[in-house]
Amino acid sequence: PLYFGIRIQSSRDRASGVVLLVWLLALTVLFWFQVRYGTDYTVVGCVALALVLGDLQRGLARRLPAATAMIAVALVLAAGLYPTYANFHKSGIRYALASLRTDTRLEATGSTRFRQESSFAERVRQATPDPGDFFDASVKPAYGILAPVTMGHLFVYKARRAVPANNIGNYLDAEIYRLAEEFYNDPDEKTAMHALERLGVRYVVTTSGGRKNWNSAVHAANDSAVGGHASSGRLRLVEIANPQQRRRGGKTVVPYKLFEIVEGARLAVRGAPNERISARTKIQIREESIDYRVRGRTDASGVIYLRVPYANEEVGGRDSNEGFRGAATAAVWKVEVGDQTHHYFVSETDVREGRTVEPIVTRDSSEDG
């Protein structure tokens with residue numbers, strides 16, 4: 001805007017220059033405060049860029065040959081556009097060229113962030129029950145999914161699932177937006193779980209990342225009591241995204257995971273007072289086998305109720321109101337009490353209603369008392 005303000009002084013068509021300056025100034029201010037106005041800025045920005053490059057070319061042509069001046073301007077333009085190419089268009093071009101060569105490896109791993117998110121949204125749609133007629137505005141969705149706000153629109157149109165907060169941010173509902181951000185940024189389990197309860201969603205999408213928050217801890221540990229993470233016992237893994245390589249030769253990570261929020265069955269365990277207790281089972285989600293654990297200590301009377309989110313039976317399906325359990329579990333839960341191992345069978349009803357489950361009584365355990 002400053003350049004065009006000066007340019008108007010020597011312009012033959014000042015009226016056109018003033019109109020361009022007004023639009024450029026207004027959209028620059030809007031774009032400065034909100035990135036979404038970049039789409040509107042693009043039109044007037046392209047016109048302004050063309051005029052600037054034209055002025056630059058004419059200025060250089062006074063001292064250099066015309067061809068040299070044109071090449072210099074082209075190099076300046078290429079240098080200015082390179083960051084956009086490297087950060088956004090490069091991966092898309094690579095994918096397009098690979099597709100022409102019928103190379104499907106990029107499709108398997110996801111060549112761009114958008115393609116990766118779209119693929120995951122499609123998986124979520126297949127792994128969750130139908131919430132109602134998507135095209136009928138009068139029908140209230142049966143449930144919602146909390147996803148990162150930047151993926152809100154994608155989940156609505158790709159997964160066809162309702163989200164409490166989306167790309168519009170706090171302009172839609174400031175309190176709901178605050179709760180969504182609280183879950184993804186707060187390091188405290190109680191605060192994060194309270195946010196989920198306030199939002200009233202049935203599923204939540206977790207994300208990988210180096211930031212120290214509870215969302216990242218749940219994602220990395222699958223909400224299992226491993227690596228110093230204390231399991232909530234209320235988040236059940238349903239679906240995962242395709243693994244993605246962060247950097248060339250770097251670590252491969254799963255960028256997104258879908259968990260269902262359940263009440264969790266309560267395993268009644270009896271041992272010595274203040275004794276450490278561990279419950280474990282195996283879960284299988286796609287090609288990934290996970291050793292899921294829940295840990296705790298008995299109280300002064302030697303009793304503890306360990307909350308677990310997985311049932312030991314196949315339930316529901318995509319079109320079932322009961323939901324779909326994407327992760328297959330082992331036949332029983334194993335609880336280690338001292339040098340003994342007790343077995344528990346947990347039903348889907350136990351998990352959804354938060355029922356208390358007693359250990360399976362076998363001949364050996366009854367003889368041992």
# chains A, B, ... in the order shown; residues from 1 in each chain; ligands from 1
$ residues_around --residues "range 341-348 of chain A" --least-positions-apart "6" --cutoff "8 Å" --atoms "only C-alpha atoms" --output "VMD selection string"
chain A and resid 265 267 310 to 313 315 331 to 335 357 to 360
$ residues_around --residues "Thr207 in chain A" --least-positions-apart "5" --cutoff "12 Å" --atoms "only C-alpha atoms" --output "NGL selection string"
:A and (117 or 120 or 146-149 or 151 or 183-185 or 212-222 or 240-241 or 253-259)
$ residues_around --residues "Val337 in chain A" --least-positions-apart "2" --cutoff "8 Å" --atoms "only C-alpha atoms" --output "list in words"
Arg270, Gly271, Arg276, Ile277, Ser278, Val335, Asp339, Gln340, Thr341 and His342 of chain A
$ write_last_selection --atoms "C-alpha atoms" --output "JSON list (two decimals), in the first residue's frame"
[["chain", "number", "residue", "atom", "x", "y", "z"],
["A", 270, "ARG", "CA", -8.56, -57.29, 46.13],
["A", 271, "GLY", "CA", -5.04, -57.51, 47.45],
["A", 276, "ARG", "CA", 0.47, -51.91, 43.20],
["A", 277, "ILE", "CA", -1.99, -53.56, 40.80],
["A", 278, "SER", "CA", -1.73, -53.91, 37.03],
["A", 335, "VAL", "CA", -4.81, -58.66, 36.57],
["A", 339, "ASP", "CA", 2.36, -63.58, 42.39],
["A", 340, "GLN", "CA", -1.14, -64.47, 41.19],
["A", 341, "THR", "CA", -2.92, -63.61, 37.93],
["A", 342, "HIS", "CA", -6.71, -63.20, 37.91]]
$ closest_residue --among "A:Ala192, A:Val303, A:Ala174, A:Val308" --to "Leu235 in chain A" --atoms "only C-alpha atoms"
A:Val308
$ closest_residue --among "A:Leu306, A:Ala195, A:Ile93, A:Val238" --to "Arg123 in chain A" --atoms "only C-alpha atoms"
A:Val238
$ select_by_dssp --residues "range 12-124 of chain A" --states "alpha helix (DSSP H)" --output "PyMOL selection string"
chain A and resi 14-33+38-61+66-84+90-100+105-109+113-124
$ closest_residue --among "A:Arg236, A:Arg36, A:Lys282, A:Arg62" --to "Thr329 in chain A" --atoms "only C-alpha atoms"
A:Lys282
$ select_by_dssp --residues "range 142-190 of chain A" --states "strand (DSSP E or B)" --output "list in words"
Gly144, Ile145, Leu146 and Ala162 of chain A
